[in-house]
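Everything below belongs to my_file37.cif, which stores mmCIF, N, CA and C atoms.
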data_entry
#
loop_
_atom_site.label_atom_id
_atom_site.label_comp_id
_atom_site.auth_asym_id
_atom_site.auth_seq_id
_atom_site.Cartn_x
_atom_site.Cartn_y
_atom_site.Cartn_z
N THR A 44 -118.04 -80.93 52.00
CA THR A 44 -116.63 -80.59 52.05
C THR A 44 -116.04 -80.65 50.64
N PHE A 45 -114.97 -79.90 50.47
CA PHE A 45 -114.26 -79.89 49.20
C PHE A 45 -112.78 -79.72 49.51
N ALA A 46 -111.95 -80.61 49.02
CA ALA A 46 -110.52 -80.58 49.31
C ALA A 46 -109.73 -79.91 48.20
N THR A 47 -108.78 -79.09 48.60
CA THR A 47 -107.79 -78.55 47.66
C THR A 47 -106.44 -79.17 48.03
N SER A 48 -105.44 -78.94 47.21
CA SER A 48 -104.14 -79.57 47.47
C SER A 48 -103.22 -78.72 48.34
N ALA A 49 -103.75 -77.62 48.89
CA ALA A 49 -102.97 -76.75 49.77
C ALA A 49 -103.93 -76.01 50.70
N PRO A 50 -103.41 -75.34 51.71
CA PRO A 50 -104.30 -74.60 52.62
C PRO A 50 -105.11 -73.52 51.91
N ILE A 51 -106.24 -73.18 52.53
CA ILE A 51 -107.12 -72.11 52.05
C ILE A 51 -107.01 -70.97 53.05
N GLU A 52 -106.51 -69.82 52.59
CA GLU A 52 -106.37 -68.66 53.46
C GLU A 52 -107.39 -67.57 53.13
N SER A 53 -107.97 -67.59 51.94
CA SER A 53 -108.94 -66.58 51.58
C SER A 53 -110.29 -66.91 52.21
N SER A 54 -111.05 -65.88 52.51
CA SER A 54 -112.41 -66.09 53.00
C SER A 54 -113.30 -66.36 51.80
N PRO A 55 -114.15 -67.38 51.87
CA PRO A 55 -115.02 -67.67 50.72
C PRO A 55 -116.16 -66.66 50.63
N ILE A 56 -116.68 -66.52 49.43
CA ILE A 56 -117.92 -65.78 49.24
C ILE A 56 -118.95 -66.75 48.68
N VAL A 57 -120.21 -66.46 48.91
CA VAL A 57 -121.30 -67.25 48.34
C VAL A 57 -122.04 -66.33 47.40
N HIS A 58 -122.20 -66.79 46.16
CA HIS A 58 -122.86 -65.95 45.15
C HIS A 58 -123.57 -66.85 44.15
N GLY A 59 -124.87 -66.64 43.96
CA GLY A 59 -125.63 -67.37 42.94
C GLY A 59 -125.57 -68.87 43.08
N GLY A 60 -125.61 -69.39 44.30
CA GLY A 60 -125.57 -70.83 44.50
C GLY A 60 -124.20 -71.45 44.41
N SER A 61 -123.17 -70.62 44.49
CA SER A 61 -121.79 -71.10 44.42
C SER A 61 -120.98 -70.58 45.60
N VAL A 62 -120.02 -71.37 46.03
CA VAL A 62 -119.01 -70.94 46.99
C VAL A 62 -117.75 -70.69 46.17
N ILE A 63 -117.15 -69.50 46.35
CA ILE A 63 -116.03 -69.08 45.53
C ILE A 63 -114.88 -68.70 46.45
N PHE A 64 -113.68 -69.25 46.20
CA PHE A 64 -112.54 -69.01 47.07
C PHE A 64 -111.24 -69.33 46.36
N GLY A 65 -110.15 -68.80 46.91
CA GLY A 65 -108.82 -69.09 46.41
C GLY A 65 -108.09 -70.02 47.35
N SER A 66 -106.97 -70.57 46.88
CA SER A 66 -106.20 -71.52 47.66
C SER A 66 -104.70 -71.27 47.47
N ASP A 67 -103.92 -71.78 48.41
CA ASP A 67 -102.47 -71.70 48.28
C ASP A 67 -101.94 -72.63 47.19
N ASP A 68 -102.82 -73.44 46.57
CA ASP A 68 -102.40 -74.30 45.46
C ASP A 68 -102.42 -73.57 44.11
N ASN A 69 -102.53 -72.23 44.16
CA ASN A 69 -102.54 -71.36 42.98
C ASN A 69 -103.85 -71.42 42.19
N ASN A 70 -104.88 -72.02 42.77
CA ASN A 70 -106.16 -72.14 42.08
C ASN A 70 -107.23 -71.28 42.71
N PHE A 71 -108.18 -70.90 41.87
CA PHE A 71 -109.36 -70.14 42.27
C PHE A 71 -110.56 -71.01 41.92
N TYR A 72 -111.40 -71.33 42.91
CA TYR A 72 -112.44 -72.34 42.78
C TYR A 72 -113.85 -71.76 42.81
N CYS A 73 -114.74 -72.40 42.07
CA CYS A 73 -116.17 -72.13 42.13
C CYS A 73 -116.85 -73.48 42.35
N ILE A 74 -117.50 -73.64 43.51
CA ILE A 74 -118.10 -74.91 43.93
C ILE A 74 -119.61 -74.75 44.06
N ASP A 75 -120.38 -75.70 43.54
CA ASP A 75 -121.83 -75.68 43.66
C ASP A 75 -122.23 -75.93 45.11
N THR A 76 -123.05 -75.05 45.69
CA THR A 76 -123.42 -75.20 47.10
C THR A 76 -124.36 -76.38 47.33
N ALA A 77 -125.13 -76.78 46.33
CA ALA A 77 -126.08 -77.88 46.50
C ALA A 77 -125.40 -79.24 46.44
N THR A 78 -124.42 -79.38 45.54
CA THR A 78 -123.80 -80.70 45.33
C THR A 78 -122.39 -80.82 45.89
N GLY A 79 -121.72 -79.68 46.13
CA GLY A 79 -120.33 -79.71 46.57
C GLY A 79 -119.36 -80.03 45.45
N LYS A 80 -119.86 -80.08 44.22
CA LYS A 80 -119.00 -80.39 43.06
C LYS A 80 -118.42 -79.12 42.46
N LYS A 81 -117.23 -79.28 41.91
CA LYS A 81 -116.54 -78.17 41.27
C LYS A 81 -117.28 -77.77 40.00
N LEU A 82 -117.63 -76.48 39.90
CA LEU A 82 -118.21 -75.95 38.66
C LEU A 82 -117.10 -75.56 37.70
N TRP A 83 -116.07 -74.93 38.23
CA TRP A 83 -114.87 -74.60 37.46
C TRP A 83 -113.73 -74.27 38.40
N VAL A 84 -112.54 -74.33 37.87
CA VAL A 84 -111.33 -73.93 38.60
C VAL A 84 -110.43 -73.19 37.61
N ASP A 85 -109.82 -72.13 38.07
CA ASP A 85 -108.89 -71.38 37.23
C ASP A 85 -107.55 -71.35 37.95
N THR A 86 -106.51 -71.79 37.27
CA THR A 86 -105.17 -71.75 37.84
C THR A 86 -104.57 -70.38 37.57
N LEU A 87 -104.26 -69.67 38.66
CA LEU A 87 -103.65 -68.36 38.54
C LEU A 87 -102.15 -68.51 38.74
N GLY A 88 -101.41 -67.41 38.73
CA GLY A 88 -99.96 -67.48 38.73
C GLY A 88 -99.31 -67.94 40.02
N GLN A 89 -99.95 -67.66 41.17
CA GLN A 89 -99.41 -68.05 42.47
C GLN A 89 -100.56 -68.18 43.46
N ARG A 90 -100.22 -68.15 44.76
CA ARG A 90 -101.23 -68.30 45.81
C ARG A 90 -102.32 -67.25 45.71
N VAL A 91 -103.53 -67.63 46.13
CA VAL A 91 -104.67 -66.72 46.15
C VAL A 91 -105.14 -66.62 47.60
N VAL A 92 -104.75 -65.53 48.26
CA VAL A 92 -105.12 -65.28 49.65
C VAL A 92 -106.25 -64.26 49.72
N SER A 93 -106.33 -63.39 48.72
CA SER A 93 -107.39 -62.39 48.63
C SER A 93 -108.75 -63.07 48.55
N SER A 94 -109.75 -62.44 49.14
CA SER A 94 -111.12 -62.91 48.96
C SER A 94 -111.71 -62.20 47.76
N ALA A 95 -112.63 -62.86 47.09
CA ALA A 95 -113.20 -62.31 45.86
C ALA A 95 -114.30 -61.29 46.17
N TYR A 96 -114.59 -60.47 45.18
CA TYR A 96 -115.72 -59.56 45.20
C TYR A 96 -116.49 -59.84 43.91
N ALA A 97 -117.80 -60.06 44.02
CA ALA A 97 -118.62 -60.39 42.85
C ALA A 97 -119.53 -59.22 42.48
N SER A 98 -119.59 -58.93 41.18
CA SER A 98 -120.48 -57.88 40.68
C SER A 98 -120.65 -58.03 39.18
N ASN A 99 -121.89 -57.93 38.71
CA ASN A 99 -122.20 -57.94 37.27
C ASN A 99 -121.56 -59.10 36.53
N ASN A 100 -121.71 -60.30 37.06
CA ASN A 100 -121.19 -61.53 36.45
C ASN A 100 -119.67 -61.58 36.37
N LEU A 101 -119.01 -60.76 37.17
CA LEU A 101 -117.55 -60.80 37.25
C LEU A 101 -117.12 -61.04 38.69
N LEU A 102 -115.99 -61.70 38.82
CA LEU A 102 -115.33 -61.90 40.11
C LEU A 102 -114.02 -61.15 40.06
N PHE A 103 -113.72 -60.42 41.10
CA PHE A 103 -112.47 -59.69 41.20
C PHE A 103 -111.67 -60.28 42.35
N VAL A 104 -110.41 -60.64 42.09
CA VAL A 104 -109.59 -61.26 43.13
C VAL A 104 -108.12 -60.94 42.87
N GLY A 105 -107.39 -60.69 43.96
CA GLY A 105 -105.96 -60.44 43.87
C GLY A 105 -105.18 -61.73 44.05
N CYS A 106 -103.93 -61.72 43.57
CA CYS A 106 -103.11 -62.92 43.59
C CYS A 106 -101.67 -62.56 43.96
N PHE A 107 -100.95 -63.52 44.51
CA PHE A 107 -99.55 -63.31 44.84
C PHE A 107 -98.68 -63.12 43.59
N ASP A 108 -99.21 -63.37 42.41
CA ASP A 108 -98.45 -63.18 41.17
C ASP A 108 -98.43 -61.72 40.72
N THR A 109 -98.89 -60.80 41.53
CA THR A 109 -98.94 -59.34 41.33
C THR A 109 -100.17 -58.84 40.59
N TYR A 110 -101.06 -59.71 40.17
CA TYR A 110 -102.21 -59.29 39.36
C TYR A 110 -103.51 -59.23 40.16
N MET A 111 -104.33 -58.22 39.82
CA MET A 111 -105.73 -58.20 40.19
C MET A 111 -106.45 -58.76 38.96
N TYR A 112 -107.26 -59.78 39.18
CA TYR A 112 -107.96 -60.46 38.09
C TYR A 112 -109.44 -60.11 38.08
N ALA A 113 -110.01 -60.05 36.88
CA ALA A 113 -111.45 -60.03 36.69
C ALA A 113 -111.78 -61.30 35.92
N LEU A 114 -112.60 -62.17 36.52
CA LEU A 114 -112.95 -63.45 35.90
C LEU A 114 -114.45 -63.52 35.66
N ASN A 115 -114.84 -64.19 34.60
CA ASN A 115 -116.24 -64.44 34.32
C ASN A 115 -116.78 -65.38 35.39
N ILE A 116 -117.87 -65.01 36.03
CA ILE A 116 -118.41 -65.81 37.12
C ILE A 116 -119.00 -67.14 36.63
N ILE A 117 -119.37 -67.23 35.36
CA ILE A 117 -119.99 -68.44 34.81
C ILE A 117 -118.96 -69.54 34.57
N ASP A 118 -117.82 -69.18 33.96
CA ASP A 118 -116.85 -70.21 33.56
C ASP A 118 -115.43 -69.97 34.07
N GLY A 119 -115.19 -68.87 34.77
CA GLY A 119 -113.87 -68.61 35.33
C GLY A 119 -112.85 -68.04 34.36
N ARG A 120 -113.24 -67.76 33.15
CA ARG A 120 -112.28 -67.21 32.18
C ARG A 120 -111.85 -65.80 32.58
N VAL A 121 -110.58 -65.51 32.39
CA VAL A 121 -110.04 -64.20 32.73
C VAL A 121 -110.52 -63.18 31.70
N LYS A 122 -111.17 -62.10 32.19
CA LYS A 122 -111.59 -61.01 31.32
C LYS A 122 -110.46 -59.99 31.18
N TRP A 123 -109.83 -59.66 32.29
CA TRP A 123 -108.67 -58.77 32.29
C TRP A 123 -107.86 -59.01 33.55
N LYS A 124 -106.62 -58.51 33.53
CA LYS A 124 -105.78 -58.53 34.73
C LYS A 124 -104.91 -57.29 34.73
N LEU A 125 -104.63 -56.80 35.94
CA LEU A 125 -103.86 -55.57 36.11
C LEU A 125 -102.71 -55.88 37.06
N SER A 126 -101.48 -55.65 36.61
CA SER A 126 -100.31 -55.93 37.45
C SER A 126 -99.96 -54.72 38.31
N THR A 127 -99.60 -55.01 39.57
CA THR A 127 -99.17 -53.96 40.48
C THR A 127 -97.66 -53.99 40.71
N GLY A 128 -97.00 -55.07 40.32
CA GLY A 128 -95.57 -55.19 40.54
C GLY A 128 -95.20 -55.84 41.85
N ALA A 129 -96.20 -56.18 42.69
CA ALA A 129 -95.94 -56.87 43.96
C ALA A 129 -97.17 -57.70 44.31
N LEU A 130 -97.01 -58.62 45.23
CA LEU A 130 -98.12 -59.51 45.57
C LEU A 130 -99.33 -58.74 46.09
N ILE A 131 -100.50 -59.32 45.86
CA ILE A 131 -101.75 -58.72 46.33
C ILE A 131 -102.39 -59.67 47.34
N LYS A 132 -102.49 -59.20 48.58
CA LYS A 132 -103.16 -59.93 49.64
C LYS A 132 -104.53 -59.29 49.92
N SER A 133 -104.65 -58.03 49.58
CA SER A 133 -105.84 -57.24 49.81
C SER A 133 -107.03 -57.78 49.02
N SER A 134 -108.18 -57.82 49.67
CA SER A 134 -109.42 -58.16 48.98
C SER A 134 -109.98 -56.87 48.39
N PRO A 135 -110.48 -56.90 47.16
CA PRO A 135 -110.97 -55.68 46.53
C PRO A 135 -112.36 -55.30 47.05
N VAL A 136 -112.71 -54.05 46.83
CA VAL A 136 -114.05 -53.56 47.10
C VAL A 136 -114.48 -52.69 45.92
N LEU A 137 -115.74 -52.75 45.58
CA LEU A 137 -116.29 -52.00 44.46
C LEU A 137 -117.15 -50.87 44.99
N TYR A 138 -116.95 -49.68 44.43
CA TYR A 138 -117.74 -48.52 44.82
C TYR A 138 -117.87 -47.59 43.64
N GLN A 139 -119.11 -47.29 43.27
CA GLN A 139 -119.42 -46.37 42.18
C GLN A 139 -118.62 -46.68 40.91
N GLY A 140 -118.60 -47.95 40.54
CA GLY A 140 -117.97 -48.36 39.29
C GLY A 140 -116.46 -48.50 39.31
N LYS A 141 -115.86 -48.27 40.46
CA LYS A 141 -114.41 -48.39 40.56
C LYS A 141 -114.06 -49.52 41.53
N LEU A 142 -113.01 -50.24 41.20
CA LEU A 142 -112.50 -51.32 42.03
C LEU A 142 -111.30 -50.80 42.81
N TYR A 143 -111.37 -50.91 44.14
CA TYR A 143 -110.30 -50.42 45.01
C TYR A 143 -109.60 -51.60 45.68
N PHE A 144 -108.27 -51.54 45.74
CA PHE A 144 -107.50 -52.59 46.39
C PHE A 144 -106.08 -52.08 46.65
N GLY A 145 -105.38 -52.79 47.52
CA GLY A 145 -104.01 -52.44 47.83
C GLY A 145 -103.05 -53.54 47.43
N SER A 146 -101.76 -53.20 47.42
CA SER A 146 -100.73 -54.15 47.01
C SER A 146 -99.51 -53.99 47.91
N TYR A 147 -98.66 -54.99 47.89
CA TYR A 147 -97.41 -54.92 48.63
C TYR A 147 -96.42 -53.95 47.99
N ASP A 148 -96.76 -53.36 46.86
CA ASP A 148 -95.91 -52.34 46.25
C ASP A 148 -96.10 -50.97 46.90
N LYS A 149 -96.94 -50.91 47.95
CA LYS A 149 -97.20 -49.72 48.76
C LYS A 149 -98.19 -48.75 48.11
N PHE A 150 -98.97 -49.23 47.14
CA PHE A 150 -99.96 -48.38 46.48
C PHE A 150 -101.37 -48.89 46.73
N VAL A 151 -102.30 -47.96 46.83
CA VAL A 151 -103.74 -48.24 46.76
C VAL A 151 -104.15 -47.92 45.33
N TYR A 152 -104.95 -48.79 44.73
CA TYR A 152 -105.35 -48.66 43.34
C TYR A 152 -106.85 -48.42 43.20
N ALA A 153 -107.22 -47.69 42.15
CA ALA A 153 -108.61 -47.57 41.71
C ALA A 153 -108.61 -47.92 40.22
N ALA A 154 -109.35 -48.98 39.87
CA ALA A 154 -109.36 -49.47 38.49
C ALA A 154 -110.78 -49.55 37.95
N ASP A 155 -110.90 -49.45 36.64
CA ASP A 155 -112.19 -49.61 35.97
C ASP A 155 -112.56 -51.09 35.96
N THR A 156 -113.79 -51.41 36.31
CA THR A 156 -114.21 -52.81 36.39
C THR A 156 -114.43 -53.45 35.04
N THR A 157 -114.65 -52.66 34.00
CA THR A 157 -114.94 -53.25 32.70
C THR A 157 -113.70 -53.70 31.94
N ASP A 158 -112.59 -52.96 32.09
CA ASP A 158 -111.40 -53.31 31.31
C ASP A 158 -110.10 -53.30 32.13
N GLY A 159 -110.16 -52.98 33.41
CA GLY A 159 -108.97 -52.98 34.24
C GLY A 159 -108.09 -51.76 34.09
N SER A 160 -108.55 -50.77 33.32
CA SER A 160 -107.72 -49.57 33.16
C SER A 160 -107.63 -48.84 34.51
N LEU A 161 -106.50 -48.21 34.71
CA LEU A 161 -106.20 -47.57 35.99
C LEU A 161 -106.75 -46.15 36.02
N TYR A 162 -107.56 -45.85 37.05
CA TYR A 162 -108.00 -44.47 37.28
C TYR A 162 -106.90 -43.71 38.00
N TRP A 163 -106.39 -44.31 39.07
CA TRP A 163 -105.31 -43.70 39.83
C TRP A 163 -104.68 -44.73 40.75
N LYS A 164 -103.50 -44.39 41.25
CA LYS A 164 -102.88 -45.17 42.32
C LYS A 164 -102.19 -44.18 43.25
N GLN A 165 -102.21 -44.51 44.55
CA GLN A 165 -101.68 -43.59 45.56
C GLN A 165 -100.69 -44.34 46.45
N ASN A 166 -99.47 -43.82 46.53
CA ASN A 166 -98.45 -44.41 47.39
C ASN A 166 -98.77 -44.06 48.84
N ILE A 167 -98.84 -45.09 49.70
CA ILE A 167 -99.07 -44.83 51.13
C ILE A 167 -97.82 -45.15 51.95
N ASN A 168 -96.72 -45.46 51.27
CA ASN A 168 -95.41 -45.66 51.89
C ASN A 168 -95.40 -46.82 52.89
N GLY A 169 -96.13 -47.88 52.57
CA GLY A 169 -96.12 -49.08 53.40
C GLY A 169 -96.88 -50.19 52.69
N VAL A 170 -96.43 -51.43 52.89
CA VAL A 170 -97.12 -52.55 52.25
C VAL A 170 -98.56 -52.62 52.75
N ILE A 171 -99.45 -53.02 51.89
CA ILE A 171 -100.87 -53.09 52.24
C ILE A 171 -101.24 -54.55 52.44
N ASN A 172 -101.51 -54.87 53.68
CA ASN A 172 -101.80 -56.23 54.09
C ASN A 172 -103.26 -56.36 54.52
N CYS A 173 -104.07 -55.35 54.21
CA CYS A 173 -105.47 -55.37 54.62
C CYS A 173 -106.34 -54.94 53.43
N SER A 174 -107.62 -55.01 53.63
CA SER A 174 -108.57 -54.69 52.56
C SER A 174 -109.19 -53.32 52.79
N PRO A 175 -109.49 -52.60 51.72
CA PRO A 175 -110.02 -51.25 51.87
C PRO A 175 -111.46 -51.23 52.38
N THR A 176 -111.77 -50.15 53.05
CA THR A 176 -113.14 -49.81 53.41
C THR A 176 -113.41 -48.43 52.84
N ILE A 177 -114.51 -48.28 52.17
CA ILE A 177 -114.88 -47.00 51.58
C ILE A 177 -115.88 -46.31 52.50
N ASP A 178 -115.65 -45.05 52.79
CA ASP A 178 -116.58 -44.23 53.56
C ASP A 178 -117.01 -43.09 52.65
N ASP A 179 -118.30 -43.02 52.35
CA ASP A 179 -118.77 -42.00 51.40
C ASP A 179 -119.04 -40.65 52.06
N LEU A 180 -118.60 -40.45 53.29
CA LEU A 180 -118.74 -39.22 54.06
C LEU A 180 -120.18 -38.91 54.45
N ASN A 181 -121.10 -39.82 54.14
CA ASN A 181 -122.48 -39.70 54.58
C ASN A 181 -122.80 -40.74 55.64
N GLY A 182 -121.78 -41.38 56.16
CA GLY A 182 -121.98 -42.40 57.17
C GLY A 182 -122.13 -43.80 56.62
N THR A 183 -122.11 -43.94 55.29
CA THR A 183 -122.21 -45.25 54.67
C THR A 183 -120.82 -45.81 54.46
N GLN A 184 -120.58 -47.02 54.97
CA GLN A 184 -119.30 -47.67 54.76
C GLN A 184 -119.49 -48.92 53.94
N ILE A 185 -118.62 -49.11 52.97
CA ILE A 185 -118.66 -50.28 52.10
C ILE A 185 -117.38 -51.08 52.36
N ASN A 186 -117.54 -52.33 52.81
CA ASN A 186 -116.40 -53.20 53.11
C ASN A 186 -116.27 -54.27 52.04
N SER A 187 -115.07 -54.78 51.89
CA SER A 187 -114.83 -55.84 50.93
C SER A 187 -115.33 -57.19 51.45
N SER A 188 -115.52 -57.31 52.74
CA SER A 188 -116.00 -58.56 53.31
C SER A 188 -116.75 -58.27 54.61
N ILE A 189 -117.44 -59.24 55.12
CA ILE A 189 -118.20 -59.08 56.35
C ILE A 189 -117.28 -58.66 57.49
N SER A 190 -116.10 -59.24 57.53
CA SER A 190 -115.19 -58.95 58.64
C SER A 190 -114.45 -57.63 58.45
N GLY A 191 -114.63 -56.96 57.32
CA GLY A 191 -113.96 -55.69 57.09
C GLY A 191 -112.53 -55.88 56.66
N PHE A 192 -111.60 -55.73 57.57
CA PHE A 192 -110.18 -55.85 57.22
C PHE A 192 -109.69 -57.25 57.43
N ASN A 193 -108.90 -57.73 56.49
CA ASN A 193 -108.26 -59.05 56.59
C ASN A 193 -106.79 -58.83 56.88
N ASN A 194 -106.38 -59.07 58.10
CA ASN A 194 -104.96 -58.89 58.45
C ASN A 194 -104.21 -60.18 58.37
#
For this file, write the structure as structure tokens.
Amino acid sequence: TFATSAPIESSPIVHGGSVIFGSDDNNFYCIDTATGKKLWVDTLGQRVVSSAYASNNLLFVGCFDTYMYALNIIDGRVKWKLSTGALIKSSPVLYQGKLYFGSYDKFVYAADTTDGSLYWKQNINGVINCSPTIDDLNGTQINSSISGFNN
């Protein structure tokens, strides 16, 4: 077990012997699965309800402070962050080098994973309270988490 100072609403991911999750205490945690000890913690601007997505030694996670973060998986240092102007509850998904996620600003975003630059954003005229699923039109679906959508 590992205690945080507030509830945990994000679904954890397990990657490289670590459990990684956000908390309502504004922190993003990386815990060793063998010992249960904290490897690192990064304090973000507000609550972290989004679940992380791990790829190429980076973790991508949204935050209530309006930012999508890319953090180094080894030490938790922020590599880049992209502001949407509204809280992010959506968990990101990676597909063909692009990071997709939604925001309460009513936009779906596609960003570059290396530097956070924006490829595009599309207004869907409603707050996004769920996580994207990518369908490549060949029957392959890529979800941000095992459960698919987080409502």
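Candidate residues A:Ser48, A:Asn166, A:Asn115, A:Asn181 were compared for distance to A:Asn99, and the nearest is A:Asn115, using only C-alpha atoms.
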* Asked: Taking the file as shown, what set of residues would the PyMOL selection byres ((chain A and resi 66) around 6.5) give back, as a VMD selection string?
  -> chain A and resid 49 to 53 64 to 65 67 to 72 90 to 92
Selection dump of the PyMOL selection byres ((chain A and resi 114) around 7), as a PDB file with N, CA and C atoms, keeping the file's coordinate frame:
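Output (result37.pdb):
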ATOM      1  N   ASN A 100    -121.710 -60.300  37.060  1.00  0.00           N
ATOM      2  CA  ASN A 100    -121.190 -61.530  36.450  1.00  0.00           C
ATOM      3  C   ASN A 100    -119.670 -61.580  36.370  1.00  0.00           C
ATOM      4  N   LEU A 101    -119.010 -60.760  37.170  1.00  0.00           N
ATOM      5  CA  LEU A 101    -117.550 -60.800  37.250  1.00  0.00           C
ATOM      6  C   LEU A 101    -117.120 -61.040  38.690  1.00  0.00           C
ATOM      7  N   LEU A 102    -115.990 -61.700  38.820  1.00  0.00           N
ATOM      8  CA  LEU A 102    -115.330 -61.900  40.110  1.00  0.00           C
ATOM      9  C   LEU A 102    -114.020 -61.150  40.060  1.00  0.00           C
ATOM     10  N   PHE A 103    -113.720 -60.420  41.100  1.00  0.00           N
ATOM     11  CA  PHE A 103    -112.470 -59.690  41.200  1.00  0.00           C
ATOM     12  C   PHE A 103    -111.670 -60.280  42.350  1.00  0.00           C
ATOM     13  N   VAL A 104    -110.410 -60.640  42.090  1.00  0.00           N
ATOM     14  CA  VAL A 104    -109.590 -61.260  43.130  1.00  0.00           C
ATOM     15  C   VAL A 104    -108.120 -60.940  42.870  1.00  0.00           C
ATOM     16  N   TYR A 112    -107.260 -59.780  39.180  1.00  0.00           N
ATOM     17  CA  TYR A 112    -107.960 -60.460  38.090  1.00  0.00           C
ATOM     18  C   TYR A 112    -109.440 -60.110  38.080  1.00  0.00           C
ATOM     19  N   ALA A 113    -110.010 -60.050  36.880  1.00  0.00           N
ATOM     20  CA  ALA A 113    -111.450 -60.030  36.690  1.00  0.00           C
ATOM     21  C   ALA A 113    -111.780 -61.300  35.920  1.00  0.00           C
ATOM     22  N   ASN A 115    -114.840 -64.190  34.600  1.00  0.00           N
ATOM     23  CA  ASN A 115    -116.240 -64.440  34.320  1.00  0.00           C
ATOM     24  C   ASN A 115    -116.780 -65.380  35.390  1.00  0.00           C
ATOM     25  N   ILE A 116    -117.870 -65.010  36.030  1.00  0.00           N
ATOM     26  CA  ILE A 116    -118.410 -65.810  37.120  1.00  0.00           C
ATOM     27  C   ILE A 116    -119.000 -67.140  36.630  1.00  0.00           C
ATOM     28  N   ILE A 117    -119.370 -67.230  35.360  1.00  0.00           N
ATOM     29  CA  ILE A 117    -119.990 -68.440  34.810  1.00  0.00           C
ATOM     30  C   ILE A 117    -118.960 -69.540  34.570  1.00  0.00           C
ATOM     31  N   ASP A 118    -117.820 -69.180  33.960  1.00  0.00           N
ATOM     32  CA  ASP A 118    -116.850 -70.210  33.560  1.00  0.00           C
ATOM     33  C   ASP A 118    -115.430 -69.970  34.070  1.00  0.00           C
ATOM     34  N   GLY A 119    -115.190 -68.870  34.770  1.00  0.00           N
ATOM     35  CA  GLY A 119    -113.870 -68.610  35.330  1.00  0.00           C
ATOM     36  C   GLY A 119    -112.850 -68.040  34.360  1.00  0.00           C
ATOM     37  N   ARG A 120    -113.240 -67.760  33.150  1.00  0.00           N
ATOM     38  CA  ARG A 120    -112.280 -67.210  32.180  1.00  0.00           C
ATOM     39  C   ARG A 120    -111.850 -65.800  32.580  1.00  0.00           C
ATOM     40  N   VAL A 121    -110.580 -65.510  32.390  1.00  0.00           N
ATOM     41  CA  VAL A 121    -110.040 -64.200  32.730  1.00  0.00           C
ATOM     42  C   VAL A 121    -110.520 -63.180  31.700  1.00  0.00           C
ATOM     43  N   LYS A 122    -111.170 -62.100  32.190  1.00  0.00           N
ATOM     44  CA  LYS A 122    -111.590 -61.010  31.320  1.00  0.00           C
ATOM     45  C   LYS A 122    -110.460 -59.990  31.180  1.00  0.00           C
ATOM     46  N   TRP A 123    -109.830 -59.660  32.290  1.00  0.00           N
ATOM     47  CA  TRP A 123    -108.670 -58.770  32.290  1.00  0.00           C
ATOM     48  C   TRP A 123    -107.860 -59.010  33.550  1.00  0.00           C
TER      49      TRP A 123
END
* From a DSSP pass on the backbone, collect the residues of chain A flagged as strand (DSSP E or B) and hand them back as a ChimeraX atom specification. => /A:56-58,61-65,70-75,81-86,96-98,101-105,110-115,121-126,136-138,141-145,150-155,161-166,176-178,184-186
* Determine, counting only N, CA and C atoms, which protein, DNA and RNA residues have an atom within 8 Å of an atom of A:Leu161; residues of the same chain fewer than 6 positions away are not included. Present the result as a list of chain:residue names. => A:Leu125, A:Tyr152, A:Ala153, A:Ala154, A:Asp155
* Asked: Can you list, as JSON, numbers by chain, every protein, DNA or RNA residue that comes within 8 Å of A:Thr44 when you count only N, CA and C atoms, leaving out same-chain residues fewer than 5 positions away?
  -> {"A": [78, 79, 80]}
* To do: Rounded to one decimal place, report the atom CA of A:Ile56-atom CA of A:Asp85 distance in Å.
  => 16.0 Å
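The residue that comes closest to A:Phe144, out of A:Thr127, A:Ser98, A:Ser54, A:Thr86 and on the basis of only C-alpha atoms, is A:Thr127.
Atom CA of A:Ala77 is found 11.1 Å from atom CA of A:Gly59.
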Could you produce a table of the residues of stretch 55-94 of chain A lying within 7 Å of stretch 108-111 of chain A, with the nearest pair of atoms per residue and their separation in Å rounded to one decimal, using only N, CA and C atoms, ordered by chain and increasing residue number, as CSV?
residue,atom,partner,partner_atom,distance
A:Leu87,C,A:Asp108,CA,6.9
A:Gly88,C,A:Asp108,CA,5.0
A:Gln89,N,A:Asp108,N,4.5
A:Arg90,N,A:Asp108,N,5.4
File of the preceding selection, N, CA and C atoms, as a short mmCIF file (atom, residue, chain, number, x, y, z; two decimals), in the frame of the given file:
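That gives us again31.cif:
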data_model
loop_
_atom_site.label_atom_id
_atom_site.label_comp_id
_atom_site.auth_asym_id
_atom_site.auth_seq_id
_atom_site.Cartn_x
_atom_site.Cartn_y
_atom_site.Cartn_z
N LEU A 87 -104.26 -69.67 38.66
CA LEU A 87 -103.65 -68.36 38.54
C LEU A 87 -102.15 -68.51 38.74
N GLY A 88 -101.41 -67.41 38.73
CA GLY A 88 -99.96 -67.48 38.73
C GLY A 88 -99.31 -67.94 40.02
N GLN A 89 -99.95 -67.66 41.17
CA GLN A 89 -99.41 -68.05 42.47
C GLN A 89 -100.56 -68.18 43.46
N ARG A 90 -100.22 -68.15 44.76
CA ARG A 90 -101.23 -68.30 45.81
C ARG A 90 -102.32 -67.25 45.71
#
Enclosing box along x, y and z for every listed atom of stretch 151-155 of chain A, padded 6 Å each side, centre and size in Å, one decimal, as lines of an AutoDock Vina configuration file:
center_x = -107.4
center_y = -49.3
center_z = 41.4
size_x = 22.3
size_y = 15.5
size_z = 22.9
* Matched chain/residue IDs from the PyMOL selection byres ((chain A and resi 147) around 6), as a PyMOL selection string -> chain A and resi 129-132+145-146+148-150+170-171
* Asked: What separation in Å, quoted to one decimal, exists between atom CA of A:Asp158 and atom CA of A:Pro175?
  -> 20.7 Å
Identify, on the basis of only C-alpha atoms, every residue whose closest approach to A:Thr156 does not exceed 7 Å; exclude the query and any residue fewer than 6 positions from it along the same chain; express the result as an mmCIF file with N, CA and C atoms, in the frame of the given file.
data_model
loop_
_atom_site.group_PDB
_atom_site.id
_atom_site.type_symbol
_atom_site.label_atom_id
_atom_site.label_comp_id
_atom_site.auth_asym_id
_atom_site.auth_seq_id
_atom_site.Cartn_x
_atom_site.Cartn_y
_atom_site.Cartn_z
ATOM 1 N N GLY A 140 -118.600 -47.950 40.540
ATOM 2 C CA GLY A 140 -117.970 -48.360 39.290
ATOM 3 C C GLY A 140 -116.460 -48.500 39.310
ATOM 4 N N LYS A 141 -115.860 -48.270 40.460
ATOM 5 C CA LYS A 141 -114.410 -48.390 40.560
ATOM 6 C C LYS A 141 -114.060 -49.520 41.530
ATOM 7 N N LEU A 142 -113.010 -50.240 41.200
ATOM 8 C CA LEU A 142 -112.500 -51.320 42.030
ATOM 9 C C LEU A 142 -111.300 -50.800 42.810
#
